[in-house]
Amino acid sequence: MSRAAIRYAKAILETAVSSGKAESVNQDMKMILDTVNSNAELHAFLKSPVVKPAEKYAAISEIFSNVQPDTKGLFLLLQANKRFEILDGIAQQYNAQHDVLNGIEVAYVTTAFPITAELESKVLAKIKEFSTSKITLINQVDEAIIGGFILRIGDKQYNASVANRLQELKRELSN
């Protein structure tokens with residue numbers, strides 16, 4: 001993540017908080033991040049050094065015509081500074097900083113299959129041991145863990161995967 005994206009995100013968050021629009025701008029940033037990440041052509045268009053900033057601004061303003069004035073102000077700033085290539089990074093950083101501001105932590109849960117309601121309740125119970133913050137769960141699927149789950153919150157990790165248990169058993173047997 002570029003330092004510039006972090007600085008832009010902090011600036012827009014401060015502006016949005018002072019205008020009372022932080023939550024609305026957060027929704028804009030989530031929509032921008034989802035749109036840019038799910039559309040390879042748009043991603044390439046924003047990163048292209050050949051496309052002029054005015055053209056990028058026109059396209060972004062058209063695509064995201066219903067966003068908050070603070071978000072539109074960001075688009076103008078990115079045009080003036082020729083920095084549209086970091087728009088997705090700014091959106092991602094804004095979301096992260098908005099969550100920190102509101103005491104929300106992100107928990108990454110890696111499972112061998114998409115998370116079920118039963119497993120989600122077990123994971124949330126385990127999270128209460130780690131943190132008292134509000135939690136947003138993000139499920140990542142990795143079949144290599146075979147079963148169980150790996151929970152990561154910030155710099156803490158709890159590994160309850162079958163692959164980890166097998167690895168521990170292998171170490172015990174080899175000693």
# chains A, B, ... in the order shown; residues from 1 in each chain; ligands from 1

$ closest_atom_pairs --of "segment 68-92 of chain A" --to "segment 21-38 of chain A" --cutoff "10 Å" --atoms "only C-alpha atoms" --output "JSON lines"
{"residue": "A:Gln68", "atom": "CA", "partner": "A:Val25", "partner_atom": "CA", "distance": 6.3}
{"residue": "A:Pro69", "atom": "CA", "partner": "A:Val25", "partner_atom": "CA", "distance": 8.9}
{"residue": "A:Asp70", "atom": "CA", "partner": "A:Val25", "partner_atom": "CA", "distance": 7.2}
{"residue": "A:Thr71", "atom": "CA", "partner": "A:Val25", "partner_atom": "CA", "distance": 6.5}
{"residue": "A:Lys72", "atom": "CA", "partner": "A:Val25", "partner_atom": "CA", "distance": 10.0}
{"residue": "A:Leu87", "atom": "CA", "partner": "A:Leu33", "partner_atom": "CA", "distance": 8.2}
{"residue": "A:Asp88", "atom": "CA", "partner": "A:Leu33", "partner_atom": "CA", "distance": 5.3}
{"residue": "A:Gly89", "atom": "CA", "partner": "A:Leu33", "partner_atom": "CA", "distance": 8.1}
{"residue": "A:Ile90", "atom": "CA", "partner": "A:Met29", "partner_atom": "CA", "distance": 8.2}
{"residue": "A:Ala91", "atom": "CA", "partner": "A:Met29", "partner_atom": "CA", "distance": 4.7}
{"residue": "A:Gln92", "atom": "CA", "partner": "A:Leu33", "partner_atom": "CA", "distance": 6.6}

$ write_last_selection --atoms "N, CA, C and O atoms" --output "mmCIF file, in the first residue's frame"
data_model
loop_
_atom_site.group_PDB
_atom_site.id
_atom_site.type_symbol
_atom_site.label_atom_id
_atom_site.label_comp_id
_atom_site.auth_asym_id
_atom_site.auth_seq_id
_atom_site.Cartn_x
_atom_site.Cartn_y
_atom_site.Cartn_z
ATOM 1 N N GLN A 68 -21.111 10.783 -2.590
ATOM 2 C CA GLN A 68 -21.150 11.971 -1.741
ATOM 3 C C GLN A 68 -20.252 13.091 -2.304
ATOM 4 O O GLN A 68 -19.267 12.812 -2.986
ATOM 5 N N PRO A 69 -20.560 14.345 -1.983
ATOM 6 C CA PRO A 69 -19.712 15.461 -2.428
ATOM 7 C C PRO A 69 -18.247 15.316 -1.972
ATOM 8 O O PRO A 69 -17.341 15.689 -2.712
ATOM 9 N N ASP A 70 -18.027 14.758 -0.777
ATOM 10 C CA ASP A 70 -16.651 14.563 -0.291
ATOM 11 C C ASP A 70 -15.893 13.598 -1.207
ATOM 12 O O ASP A 70 -14.705 13.788 -1.482
ATOM 13 N N THR A 71 -16.578 12.569 -1.687
ATOM 14 C CA THR A 71 -15.955 11.596 -2.581
ATOM 15 C C THR A 71 -15.687 12.248 -3.938
ATOM 16 O O THR A 71 -14.628 12.019 -4.534
ATOM 17 N N LYS A 72 -16.611 13.065 -4.402
ATOM 18 C CA LYS A 72 -16.400 13.788 -5.666
ATOM 19 C C LYS A 72 -15.210 14.739 -5.533
ATOM 20 O O LYS A 72 -14.447 14.925 -6.480
ATOM 21 N N LEU A 87 -6.563 5.044 -6.576
ATOM 22 C CA LEU A 87 -7.949 5.163 -6.096
ATOM 23 C C LEU A 87 -8.387 3.940 -5.303
ATOM 24 O O LEU A 87 -8.968 4.070 -4.224
ATOM 25 N N ASP A 88 -8.091 2.736 -5.797
ATOM 26 C CA ASP A 88 -8.495 1.527 -5.064
ATOM 27 C C ASP A 88 -7.771 1.427 -3.722
ATOM 28 O O ASP A 88 -8.357 1.022 -2.717
ATOM 29 N N GLY A 89 -6.510 1.812 -3.685
ATOM 30 C CA GLY A 89 -5.752 1.815 -2.432
ATOM 31 C C GLY A 89 -6.315 2.809 -1.426
ATOM 32 O O GLY A 89 -6.387 2.526 -0.234
ATOM 33 N N ILE A 90 -6.730 3.964 -1.924
ATOM 34 C CA ILE A 90 -7.337 4.976 -1.055
ATOM 35 C C ILE A 90 -8.641 4.430 -0.469
ATOM 36 O O ILE A 90 -8.895 4.553 0.728
ATOM 37 N N ALA A 91 -9.446 3.817 -1.312
ATOM 38 C CA ALA A 91 -10.728 3.269 -0.856
ATOM 39 C C ALA A 91 -10.507 2.196 0.213
ATOM 40 O O ALA A 91 -11.180 2.182 1.248
ATOM 41 N N GLN A 92 -9.536 1.337 -0.023
ATOM 42 C CA GLN A 92 -9.234 0.262 0.931
ATOM 43 C C GLN A 92 -8.755 0.849 2.257
ATOM 44 O O GLN A 92 -9.194 0.434 3.329
#

$ residues_around --residues "Ala96 of chain A" --least-positions-apart "6" --cutoff "9 Å" --atoms "only C-alpha atoms" --output "JSON, numbers by chain"
{"A": [104, 105, 106]}

$ write_last_selection --atoms "N, CA and C atoms" --output "PDB file, in the first residue's frame"
ATOM      1  N   ILE A 104     -14.090  -1.168  15.093  1.00  0.00           N
ATOM      2  CA  ILE A 104     -14.415  -2.417  14.409  1.00  0.00           C
ATOM      3  C   ILE A 104     -13.115  -3.073  13.965  1.00  0.00           C
ATOM      4  N   GLU A 105     -12.966  -4.349  14.318  1.00  0.00           N
ATOM      5  CA  GLU A 105     -11.800  -5.111  13.882  1.00  0.00           C
ATOM      6  C   GLU A 105     -12.225  -6.092  12.811  1.00  0.00           C
ATOM      7  N   VAL A 106     -11.312  -6.386  11.901  1.00  0.00           N
ATOM      8  CA  VAL A 106     -11.580  -7.368  10.859  1.00  0.00           C
ATOM      9  C   VAL A 106     -10.933  -8.677  11.266  1.00  0.00           C
TER      10      VAL A 106
END

$ atom_distance --atom1 "atom CA of Leu166 of chain A" --atom2 "atom CA of Ile146 of chain A"
10.0 Å

$ closest_residue --among "A:Ala40, A:Leu13, A:Ala125, A:Leu77" --to "Asp99 of chain A" --atoms "only C-alpha atoms"
A:Leu13

$ atom_distance --atom1 "atom CA of Ser2 of chain A" --atom2 "atom CA of Lys47 of chain A"
13.8 Å

$ residues_around --residues "Lys126 of chain A" --least-positions-apart "3" --cutoff "12 Å" --atoms "only C-alpha atoms" --output "PyMOL selection string"
chain A and resi 107+109+119-123+129-132+135+149-153+157-160

$ select_by_dssp --residues "segment 35-144 of chain A" --states "strand (DSSP E or B)" --output "PyMOL selection string"
chain A and resi 104-111+134-141

$ write_last_selection --atoms "N, CA and C atoms" --output "PDB file, in the first residue's frame"
ATOM      1  N   ILE A 104     -14.090  -1.168  15.093  1.00  0.00           N
ATOM      2  CA  ILE A 104     -14.415  -2.417  14.409  1.00  0.00           C
ATOM      3  C   ILE A 104     -13.115  -3.073  13.965  1.00  0.00           C
ATOM      4  N   GLU A 105     -12.966  -4.349  14.318  1.00  0.00           N
ATOM      5  CA  GLU A 105     -11.800  -5.111  13.882  1.00  0.00           C
ATOM      6  C   GLU A 105     -12.225  -6.092  12.811  1.00  0.00           C
ATOM      7  N   VAL A 106     -11.312  -6.386  11.901  1.00  0.00           N
ATOM      8  CA  VAL A 106     -11.580  -7.368  10.859  1.00  0.00           C
ATOM      9  C   VAL A 106     -10.933  -8.677  11.266  1.00  0.00           C
ATOM     10  N   ALA A 107     -11.716  -9.739  11.221  1.00  0.00           N
ATOM     11  CA  ALA A 107     -11.203 -11.076  11.518  1.00  0.00           C
ATOM     12  C   ALA A 107     -11.218 -11.868  10.215  1.00  0.00           C
ATOM     13  N   TYR A 108     -10.075 -12.427   9.875  1.00  0.00           N
ATOM     14  CA  TYR A 108      -9.971 -13.254   8.666  1.00  0.00           C
ATOM     15  C   TYR A 108     -10.067 -14.706   9.078  1.00  0.00           C
ATOM     16  N   VAL A 109     -11.046 -15.398   8.533  1.00  0.00           N
ATOM     17  CA  VAL A 109     -11.257 -16.801   8.849  1.00  0.00           C
ATOM     18  C   VAL A 109     -11.000 -17.606   7.585  1.00  0.00           C
ATOM     19  N   THR A 110      -9.986 -18.470   7.639  1.00  0.00           N
ATOM     20  CA  THR A 110      -9.660 -19.329   6.502  1.00  0.00           C
ATOM     21  C   THR A 110     -10.253 -20.700   6.780  1.00  0.00           C
ATOM     22  N   THR A 111     -11.056 -21.182   5.844  1.00  0.00           N
ATOM     23  CA  THR A 111     -11.684 -22.492   5.959  1.00  0.00           C
ATOM     24  C   THR A 111     -11.448 -23.277   4.677  1.00  0.00           C
ATOM     25  N   LYS A 134     -16.066  -4.762  18.094  1.00  0.00           N
ATOM     26  CA  LYS A 134     -17.031  -5.276  17.121  1.00  0.00           C
ATOM     27  C   LYS A 134     -16.207  -5.938  16.019  1.00  0.00           C
ATOM     28  N   ILE A 135     -16.688  -7.033  15.501  1.00  0.00           N
ATOM     29  CA  ILE A 135     -15.913  -7.813  14.537  1.00  0.00           C
ATOM     30  C   ILE A 135     -16.639  -7.920  13.204  1.00  0.00           C
ATOM     31  N   THR A 136     -15.867  -7.752  12.127  1.00  0.00           N
ATOM     32  CA  THR A 136     -16.341  -8.037  10.779  1.00  0.00           C
ATOM     33  C   THR A 136     -15.587  -9.284  10.330  1.00  0.00           C
ATOM     34  N   LEU A 137     -16.332 -10.331   9.981  1.00  0.00           N
ATOM     35  CA  LEU A 137     -15.713 -11.580   9.541  1.00  0.00           C
ATOM     36  C   LEU A 137     -15.509 -11.578   8.037  1.00  0.00           C
ATOM     37  N   ILE A 138     -14.326 -11.954   7.600  1.00  0.00           N
ATOM     38  CA  ILE A 138     -14.046 -12.141   6.178  1.00  0.00           C
ATOM     39  C   ILE A 138     -13.582 -13.577   6.014  1.00  0.00           C
ATOM     40  N   ASN A 139     -14.323 -14.327   5.207  1.00  0.00           N
ATOM     41  CA  ASN A 139     -14.021 -15.739   4.994  1.00  0.00           C
ATOM     42  C   ASN A 139     -13.158 -15.911   3.757  1.00  0.00           C
ATOM     43  N   GLN A 140     -12.044 -16.632   3.923  1.00  0.00           N
ATOM     44  CA  GLN A 140     -11.169 -16.986   2.816  1.00  0.00           C
ATOM     45  C   GLN A 140     -11.158 -18.508   2.734  1.00  0.00           C
ATOM     46  N   VAL A 141     -11.316 -19.035   1.523  1.00  0.00           N
ATOM     47  CA  VAL A 141     -11.351 -20.485   1.347  1.00  0.00           C
ATOM     48  C   VAL A 141      -9.995 -20.969   0.849  1.00  0.00           C
TER      49      VAL A 141
END

$ select_by_dssp --residues "chain A" --states "helix (DSSP H, G or I)" --output "ChimeraX atom specification"
/A:3-18,22-38,40-47,53-63,69-81,84-101,117-130,143-145,162-174

$ atom_distance --atom1 "atom CA of Ser65 of chain A" --atom2 "atom CA of Pro49 of chain A"
23.6 Å

$ residues_around --residues "segment 54-58 of chain A" --least-positions-apart "5" --cutoff "9 Å" --atoms "only C-alpha atoms" --output "list in words"
Phe45, Leu46, Ile63, Phe75, Leu76, Leu78, Gln79, Ala80, Lys82 and Phe84 of chain A

$ residues_around --residues "Ala144 of chain A" --least-positions-apart "5" --cutoff "10 Å" --atoms "only C-alpha atoms" --output "PyMOL selection string"
chain A and resi 111-112+161-163

$ residues_around --residues "Tyr8 of chain A" --least-positions-apart "3" --cutoff "9 Å" --atoms "only C-alpha atoms" --output "list of chain:residue names"
A:Arg3, A:Ala4, A:Ala5, A:Ala11, A:Ile12, A:Leu13, A:Leu74, A:Ile90, A:Gln93, A:Tyr94

$ write_last_selection --atoms "N, CA and C atoms" --output "short mmCIF file (atom, residue, chain, number, x, y, z; two decimals), in the first residue's frame"
data_model
loop_
_atom_site.label_atom_id
_atom_site.label_comp_id
_atom_site.auth_asym_id
_atom_site.auth_seq_id
_atom_site.Cartn_x
_atom_site.Cartn_y
_atom_site.Cartn_z
N ARG A 3 2.16 5.04 0.56
CA ARG A 3 1.99 6.06 1.60
C ARG A 3 1.02 7.14 1.14
N ALA A 4 1.04 7.43 -0.15
CA ALA A 4 0.13 8.44 -0.68
C ALA A 4 -1.32 8.02 -0.47
N ALA A 5 -1.63 6.75 -0.72
CA ALA A 5 -3.00 6.26 -0.54
C ALA A 5 -3.43 6.42 0.92
N ALA A 11 -6.97 12.08 4.91
CA ALA A 11 -7.51 13.41 4.62
C ALA A 11 -9.00 13.34 4.32
N ILE A 12 -9.41 12.38 3.49
CA ILE A 12 -10.84 12.30 3.15
C ILE A 12 -11.64 11.88 4.37
N LEU A 13 -11.08 11.03 5.24
CA LEU A 13 -11.79 10.63 6.46
C LEU A 13 -11.99 11.83 7.37
N LEU A 74 -12.61 14.17 -3.74
CA LEU A 74 -11.43 13.31 -3.88
C LEU A 74 -11.11 13.10 -5.35
N ILE A 90 -6.73 3.96 -1.92
CA ILE A 90 -7.34 4.98 -1.05
C ILE A 90 -8.64 4.43 -0.47
N GLN A 93 -7.86 1.82 2.19
CA GLN A 93 -7.34 2.46 3.40
C GLN A 93 -8.43 3.22 4.15
N TYR A 94 -9.31 3.89 3.40
CA TYR A 94 -10.41 4.63 4.03
C TYR A 94 -11.27 3.65 4.84
#

$ closest_residue --among "A:Gly148, A:Lys52, A:Gln97, A:Gly103" --to "Glu118 of chain A" --atoms "only C-alpha atoms"
A:Gly148
